[in-house]
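One structure is given below, encoded as structure tokens.
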Amino acid sequence: MSLGAQLQSKSADFQKLQGDLTVLVDKRTRLDTQLSENEMVKKEFANLTPNNTIFKLVGPVLVPQDHTEARTNVETRLDFIRGEMKRVDTQIKDTEELLEKKKLELVDLQAQLPAPSGAASN
């Protein structure tokens with residue numbers, strides 16, 4: 001494989017990894033938003049009395065929900081979101097490491113390319 005073809009291939013790999021990283025960062029941002037929203041709901045539960053009614057949106061209808069069930073659902077969602085955040089953080093870290101490796105490979109290949117003809121030499 002020629003040096004130019006290798007450079008093109010490595011460059012395409014690098015760009016794909018950059019796209020993957022962007023998707024992962026967007027996913028992480030959405031998870032962070034969901035975590036904040038669910039933590040707010042959990043704090044609101046602390047202000048409720050047993051006489052307050054909690055409703056759950058099911059399709060277009062609000063349905064009364066048991067306090068314990070509602071709290072359990074929120075806790076379960078929080079645990080799931082935190083787990084997903086850890087998983088995505090690991091993927092981001094791995095992708096960043098791969099990007100750095102590909103970047104170094106690109107720099108090495110570019111250094112191996114012959115200098116353009118007509119270049120001034122000192």
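Residue names in the structure tokens use chain letters A, B, ... in the order shown, residue numbers from 1 in each chain, and ligand numbers from 1 in the order shown.
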
Give me, as JSON, numbers by chain, the residues of chain A that a backbone DSSP run labels strand (DSSP E or B). {"A": [54, 55, 56, 57, 58, 61, 62, 63, 64, 65]}

Those selected residues, please, written with N, CA, C and O atoms and delivered as an mmCIF file, in the first residue's frame.
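Now in result35.cif:
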```
data_model
loop_
_atom_site.group_PDB
_atom_site.id
_atom_site.type_symbol
_atom_site.label_atom_id
_atom_site.label_comp_id
_atom_site.auth_asym_id
_atom_site.auth_seq_id
_atom_site.Cartn_x
_atom_site.Cartn_y
_atom_site.Cartn_z
ATOM 1 N N ILE A 54 -49.662 11.473 43.880
ATOM 2 C CA ILE A 54 -48.670 11.476 42.803
ATOM 3 C C ILE A 54 -49.344 10.887 41.569
ATOM 4 O O ILE A 54 -50.016 9.862 41.644
ATOM 5 N N PHE A 55 -49.161 11.571 40.449
ATOM 6 C CA PHE A 55 -49.732 11.095 39.196
ATOM 7 C C PHE A 55 -48.622 10.708 38.239
ATOM 8 O O PHE A 55 -47.542 11.279 38.239
ATOM 9 N N LYS A 56 -48.945 9.708 37.412
ATOM 10 C CA LYS A 56 -48.018 9.239 36.387
ATOM 11 C C LYS A 56 -48.706 9.428 35.044
ATOM 12 O O LYS A 56 -49.883 9.096 34.896
ATOM 13 N N LEU A 57 -47.969 9.969 34.087
ATOM 14 C CA LEU A 57 -48.524 10.170 32.755
ATOM 15 C C LEU A 57 -48.431 8.860 31.978
ATOM 16 O O LEU A 57 -47.350 8.344 31.722
ATOM 17 N N VAL A 58 -49.574 8.310 31.621
ATOM 18 C CA VAL A 58 -49.644 7.085 30.831
ATOM 19 C C VAL A 58 -50.396 7.438 29.557
ATOM 20 O O VAL A 58 -51.620 7.582 29.567
ATOM 21 N N VAL A 61 -53.182 10.243 29.575
ATOM 22 C CA VAL A 61 -53.948 10.237 30.820
ATOM 23 C C VAL A 61 -53.024 10.275 32.038
ATOM 24 O O VAL A 61 -52.007 9.589 32.081
ATOM 25 N N LEU A 62 -53.390 11.066 33.042
ATOM 26 C CA LEU A 62 -52.686 11.065 34.320
ATOM 27 C C LEU A 62 -53.350 10.026 35.225
ATOM 28 O O LEU A 62 -54.549 10.083 35.488
ATOM 29 N N VAL A 63 -52.547 9.090 35.717
ATOM 30 C CA VAL A 63 -53.048 8.005 36.554
ATOM 31 C C VAL A 63 -52.413 8.135 37.937
ATOM 32 O O VAL A 63 -51.201 8.337 38.048
ATOM 33 N N PRO A 64 -53.235 8.042 39.019
ATOM 34 C CA PRO A 64 -52.649 8.105 40.362
ATOM 35 C C PRO A 64 -51.659 6.955 40.572
ATOM 36 O O PRO A 64 -51.855 5.847 40.090
ATOM 37 N N GLN A 65 -50.580 7.265 41.322
ATOM 38 C CA GLN A 65 -49.555 6.260 41.571
ATOM 39 C C GLN A 65 -49.226 6.233 43.054
ATOM 40 O O GLN A 65 -49.222 7.265 43.728
#
```

Can you pull out every residue within 9 Å of segment 81-91 of chain A, counting only C-alpha atoms, but drop anything in the same chain fewer than 4 positions away, and send it as a count of residues only? 13

If we count only C-alpha atoms, what is near Phe14 of chain A at a cut-off of 8 Å, once residues fewer than 2 positions away on the same chain are taken out, given as a list in words?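 Near Phe14 of chain A, the qualifying residues are Lys10, Ser11, Ala12, Lys16, Leu17, Gln18, Leu99, Lys102 and Lys103 of chain A.
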
Include C-alpha atoms and write out the residues we just selected as a PDB file, in the first residue's frame.
```
ATOM      1  CA  LYS A  10      -5.597   6.580   8.585  1.00  0.00           C
ATOM      2  CA  SER A  11      -7.160   9.996   8.046  1.00  0.00           C
ATOM      3  CA  ALA A  12     -10.557   8.402   7.344  1.00  0.00           C
ATOM      4  CA  LYS A  16     -14.670   8.366  11.970  1.00  0.00           C
ATOM      5  CA  LEU A  17     -13.362   8.273  15.547  1.00  0.00           C
ATOM      6  CA  GLN A  18     -13.964  12.020  15.859  1.00  0.00           C
ATOM      7  CA  LEU A  99      -7.852   9.255  18.648  1.00  0.00           C
ATOM      8  CA  LYS A 102      -4.363   7.604  15.317  1.00  0.00           C
ATOM      9  CA  LYS A 103      -3.161  11.206  15.478  1.00  0.00           C
TER      10      LYS A 103
END
```
